[in-house]
Amino acid sequence: MRHFGHISPTAREGLFFREPCTFTADSPARMLSVALGATLYSPATRPSLADDVLKQAARGVVSMVLCLEDSIDDAEVTGAEANLIRQFAELAARDAAAGNHDTASGAAPRDPREATAAVAADVPLLFIRVREPAQITDLVRRLGESARMLSGFVLPKFTEERGRQFLEALAEAESECARRLFAMPVLESPELLHLETRGEILQGIARSVEKHRDRVLALRLGVTDFCSAYGLRRAPDMTAYDVHIVASVIADVVNVLGRADGTGFTITGPVWEYFRRQERMFKPQLRRSPFLEGRAEELRTALIEHDLDGLLREIELDRANGLLGKTCIHPSHVAPVHALSVVSHEEYTDAQDILSPERGGGGVLRSAYTNKMNEVKPHRAWAERTLQRAEVFGVAKEDVGFVDLLAAGLTN
């Protein structure tokens with residue numbers, strides 16, 4: 001799979017100075033943690049879940065969470081688990097029919113290149129959000145052979161004590177299915193929000209995830225739960241960073257768990273709650289011109305009028321505060337997240353200059369765009385992270401901006 005892989009090669013060539021790379025569920029964890037992008041959540045109760053997964057993959061989604069927790073009623077859990085087993089079996093059957101896996105012999109496909117292409121076209125990285133640790137081992141056993149379609153589990157209300165149980169269950173499940181399974185802990189417990197317990201809880205989480213570093217793909221923020229503890233809900237014109245009590249938690253999480261010294265983890269942006277079905281409004285003009293020639297201002301205005309201005313500002317603030325990717329509860333949020341994840345030509349040029357071998361001793365240089373100072377040693381970690389993002393999201397051509405990338409992402 002690849003970001004913007006759902007658009008034509010010709011369209012990608014017109015947009016990118018450096019195209020996004022391809023990757024699979026077996027790619028290195030460091031690459032996958034950056035590549036998650038807009039992680040789309042879906043209730044596990046949906047009767048057409050397999051079809052939904054493939055439909056969203058065709059629209060550019062590369063990671064999904066199938067939820068057994070807050071998105072469904074307590075009484076629905078048993079039925080939702082059974083539905084997941086059926087839907088994974090359906091996905092595995094389609095995968096085998098595409099030539100990715102010989103279910104009878106367990107052998108790999110004859111031509112690995114064909115398998116990679118089929119996977120890229122069909123199935124994103126899939127995670128199950130569970131409620132309790134025992135669900136992890138139980139679900140993997142019940143999934144059987146179709147567990148090969150699973151990338152891991154999302155672990156809710158993660159603290160050191162709960163986390164230990166979840167991560168031990170994950171290790172057992174890995175042994176059961178003989179494949180790598182990732183964890184994505186969700187930081188959302190009230191103890192993490194409360195000032196008097198925050199430091200201790202963060203240190204406990206840090207100990208827990210460090211012990212299982214190879215399994216922890218990313219840490220996710222449960223901002224809705226943070227707001228709930230104080231009876232708050234941000235309006236569509238407000239970002240999470242405008243709610244100061246939430247912003248303070250995000251800052252402390254990044255401070256302890258998001259450091260760029262090799263000890264940190266990828267931390268993903270919080271969910272955006274608001275949406276409208278603006279795709280239908282965009283589709284006619286997108287069909288006429290995938291690059292919106294002469295229509296950039298029209299699309300900008302439409303985005304603002306349809307409640308996406310707050311989302312765009314929050315994505316930018318996520319990046320400024322050290323977060324990467326975003327939890328999404330509506331497909332309309334995916335294209336903006338991915339468009340704003342592409343590295344600009346200016347960023348790429350700066351990063352390359354900073355990391356140039358002849359600059360290994362440090363110093364200061366004027367940027368190639370002659371509009372800023374690049375200080376080699378202080379900006380080195382930023383440059384390294386920028387090139388990691390450039391690898392998976394690509395680098396835009398010099399004259400290509402967000403609106404062009406968004407328009408292309410919405411063309412399917």
# chains A, B, ... in the order shown; residues from 1 in each chain; ligands from 1
>>> residues_around(residues="range 372-377 of chain A", least_positions_apart="4", cutoff="12 Å", atoms="only C-alpha atoms", output="list in words")
Glu346, Glu347, Thr349, Asp350, Ala351, Gln352, Asp353, Ile354, Leu355, Ser356, Pro357, Glu358, Arg359, Gly360, Gly361, Gly362, Gly363, Val364, Leu365, Arg366, Ser367, Ala368, Ala381, Trp382, Ala383 and Glu384 of chain A
>>> select_by_dssp(residues="range 16-254 of chain A", states="strand (DSSP E)", output="count of residues only")
32
>>> closest_residue(among="A:Phe16, A:Tyr369, A:Phe182, A:Tyr241", to="Arg313 in chain A", atoms="only C-alpha atoms")
A:Tyr241
>>> atom_distance(atom1="CA of Ile245 in chain A", atom2="CA of Arg233 in chain A")
11.9 Å
>>> decode(residues="range 135-157 of chain A", atoms="N, CA, C and O atoms", output="PDB file, in the first residue's frame")
ATOM      1  N   GLN A 135      -9.890 -10.425  25.902  1.00  0.00           N
ATOM      2  CA  GLN A 135     -10.436 -10.421  24.540  1.00  0.00           C
ATOM      3  C   GLN A 135      -9.342 -10.626  23.493  1.00  0.00           C
ATOM      4  O   GLN A 135      -9.591 -11.188  22.432  1.00  0.00           O
ATOM      5  N   ILE A 136      -8.130 -10.178  23.785  1.00  0.00           N
ATOM      6  CA  ILE A 136      -7.047 -10.262  22.800  1.00  0.00           C
ATOM      7  C   ILE A 136      -6.751 -11.717  22.468  1.00  0.00           C
ATOM      8  O   ILE A 136      -6.770 -12.127  21.298  1.00  0.00           O
ATOM      9  N   THR A 137      -6.471 -12.510  23.483  1.00  0.00           N
ATOM     10  CA  THR A 137      -6.139 -13.919  23.234  1.00  0.00           C
ATOM     11  C   THR A 137      -7.351 -14.689  22.705  1.00  0.00           C
ATOM     12  O   THR A 137      -7.215 -15.541  21.819  1.00  0.00           O
ATOM     13  N   ASP A 138      -8.528 -14.373  23.228  1.00  0.00           N
ATOM     14  CA  ASP A 138      -9.729 -15.072  22.772  1.00  0.00           C
ATOM     15  C   ASP A 138      -9.998 -14.802  21.293  1.00  0.00           C
ATOM     16  O   ASP A 138     -10.281 -15.729  20.521  1.00  0.00           O
ATOM     17  N   LEU A 139      -9.891 -13.540  20.882  1.00  0.00           N
ATOM     18  CA  LEU A 139     -10.173 -13.193  19.494  1.00  0.00           C
ATOM     19  C   LEU A 139      -9.146 -13.802  18.540  1.00  0.00           C
ATOM     20  O   LEU A 139      -9.511 -14.290  17.460  1.00  0.00           O
ATOM     21  N   VAL A 140      -7.873 -13.796  18.925  1.00  0.00           N
ATOM     22  CA  VAL A 140      -6.853 -14.369  18.047  1.00  0.00           C
ATOM     23  C   VAL A 140      -7.097 -15.868  17.848  1.00  0.00           C
ATOM     24  O   VAL A 140      -6.960 -16.391  16.741  1.00  0.00           O
ATOM     25  N   ARG A 141      -7.478 -16.550  18.921  1.00  0.00           N
ATOM     26  CA  ARG A 141      -7.788 -17.989  18.785  1.00  0.00           C
ATOM     27  C   ARG A 141      -8.980 -18.200  17.858  1.00  0.00           C
ATOM     28  O   ARG A 141      -8.979 -19.086  17.002  1.00  0.00           O
ATOM     29  N   ARG A 142     -10.003 -17.397  18.015  1.00  0.00           N
ATOM     30  CA  ARG A 142     -11.211 -17.557  17.212  1.00  0.00           C
ATOM     31  C   ARG A 142     -10.992 -17.131  15.757  1.00  0.00           C
ATOM     32  O   ARG A 142     -11.624 -17.671  14.847  1.00  0.00           O
ATOM     33  N   LEU A 143     -10.095 -16.186  15.538  1.00  0.00           N
ATOM     34  CA  LEU A 143      -9.799 -15.762  14.172  1.00  0.00           C
ATOM     35  C   LEU A 143      -9.102 -16.856  13.382  1.00  0.00           C
ATOM     36  O   LEU A 143      -9.280 -16.977  12.178  1.00  0.00           O
ATOM     37  N   GLY A 144      -8.292 -17.644  14.063  1.00  0.00           N
ATOM     38  CA  GLY A 144      -7.594 -18.732  13.382  1.00  0.00           C
ATOM     39  C   GLY A 144      -6.703 -18.223  12.266  1.00  0.00           C
ATOM     40  O   GLY A 144      -5.952 -17.262  12.434  1.00  0.00           O
ATOM     41  N   GLU A 145      -6.814 -18.833  11.097  1.00  0.00           N
ATOM     42  CA  GLU A 145      -5.954 -18.475   9.969  1.00  0.00           C
ATOM     43  C   GLU A 145      -6.151 -17.034   9.523  1.00  0.00           C
ATOM     44  O   GLU A 145      -5.220 -16.378   9.032  1.00  0.00           O
ATOM     45  N   SER A 146      -7.357 -16.500   9.706  1.00  0.00           N
ATOM     46  CA  SER A 146      -7.617 -15.128   9.250  1.00  0.00           C
ATOM     47  C   SER A 146      -6.958 -14.075  10.129  1.00  0.00           C
ATOM     48  O   SER A 146      -6.996 -12.885   9.801  1.00  0.00           O
ATOM     49  N   ALA A 147      -6.315 -14.483  11.217  1.00  0.00           N
ATOM     50  CA  ALA A 147      -5.554 -13.534  12.041  1.00  0.00           C
ATOM     51  C   ALA A 147      -4.413 -12.907  11.261  1.00  0.00           C
ATOM     52  O   ALA A 147      -3.876 -11.871  11.668  1.00  0.00           O
ATOM     53  N   ARG A 148      -4.054 -13.502  10.121  1.00  0.00           N
ATOM     54  CA  ARG A 148      -2.980 -12.916   9.306  1.00  0.00           C
ATOM     55  C   ARG A 148      -3.399 -11.567   8.716  1.00  0.00           C
ATOM     56  O   ARG A 148      -2.546 -10.791   8.270  1.00  0.00           O
ATOM     57  N   MET A 149      -4.700 -11.259   8.737  1.00  0.00           N
ATOM     58  CA  MET A 149      -5.171  -9.967   8.243  1.00  0.00           C
ATOM     59  C   MET A 149      -5.096  -8.885   9.322  1.00  0.00           C
ATOM     60  O   MET A 149      -5.377  -7.718   9.054  1.00  0.00           O
ATOM     61  N   LEU A 150      -4.712  -9.264  10.539  1.00  0.00           N
ATOM     62  CA  LEU A 150      -4.742  -8.365  11.692  1.00  0.00           C
ATOM     63  C   LEU A 150      -3.347  -7.797  11.966  1.00  0.00           C
ATOM     64  O   LEU A 150      -2.370  -8.540  12.012  1.00  0.00           O
ATOM     65  N   SER A 151      -3.272  -6.484  12.179  1.00  0.00           N
ATOM     66  CA  SER A 151      -1.987  -5.850  12.508  1.00  0.00           C
ATOM     67  C   SER A 151      -1.794  -5.642  14.000  1.00  0.00           C
ATOM     68  O   SER A 151      -0.659  -5.453  14.449  1.00  0.00           O
ATOM     69  N   GLY A 152      -2.874  -5.632  14.777  1.00  0.00           N
ATOM     70  CA  GLY A 152      -2.688  -5.451  16.212  1.00  0.00           C
ATOM     71  C   GLY A 152      -3.955  -5.015  16.916  1.00  0.00           C
ATOM     72  O   GLY A 152      -5.069  -5.134  16.374  1.00  0.00           O
ATOM     73  N   PHE A 153      -3.760  -4.471  18.125  1.00  0.00           N
ATOM     74  CA  PHE A 153      -4.881  -4.114  18.995  1.00  0.00           C
ATOM     75  C   PHE A 153      -4.703  -2.703  19.553  1.00  0.00           C
ATOM     76  O   PHE A 153      -3.580  -2.252  19.811  1.00  0.00           O
ATOM     77  N   VAL A 154      -5.823  -2.037  19.748  1.00  0.00           N
ATOM     78  CA  VAL A 154      -5.860  -0.739  20.429  1.00  0.00           C
ATOM     79  C   VAL A 154      -6.286  -0.990  21.861  1.00  0.00           C
ATOM     80  O   VAL A 154      -7.303  -1.664  22.110  1.00  0.00           O
ATOM     81  N   LEU A 155      -5.507  -0.455  22.801  1.00  0.00           N
ATOM     82  CA  LEU A 155      -5.666  -0.766  24.220  1.00  0.00           C
ATOM     83  C   LEU A 155      -6.207   0.454  24.960  1.00  0.00           C
ATOM     84  O   LEU A 155      -5.495   1.439  25.148  1.00  0.00           O
ATOM     85  N   PRO A 156      -7.467   0.416  25.397  1.00  0.00           N
ATOM     86  CA  PRO A 156      -8.105   1.608  25.966  1.00  0.00           C
ATOM     87  C   PRO A 156      -7.699   1.871  27.409  1.00  0.00           C
ATOM     88  O   PRO A 156      -7.253   0.977  28.127  1.00  0.00           O
ATOM     89  N   LYS A 157      -7.842   3.162  27.801  1.00  0.00           N
ATOM     90  CA  LYS A 157      -7.651   3.591  29.192  1.00  0.00           C
ATOM     91  C   LYS A 157      -6.361   2.996  29.777  1.00  0.00           C
ATOM     92  O   LYS A 157      -6.349   2.383  30.844  1.00  0.00           O
TER      93      LYS A 157
END
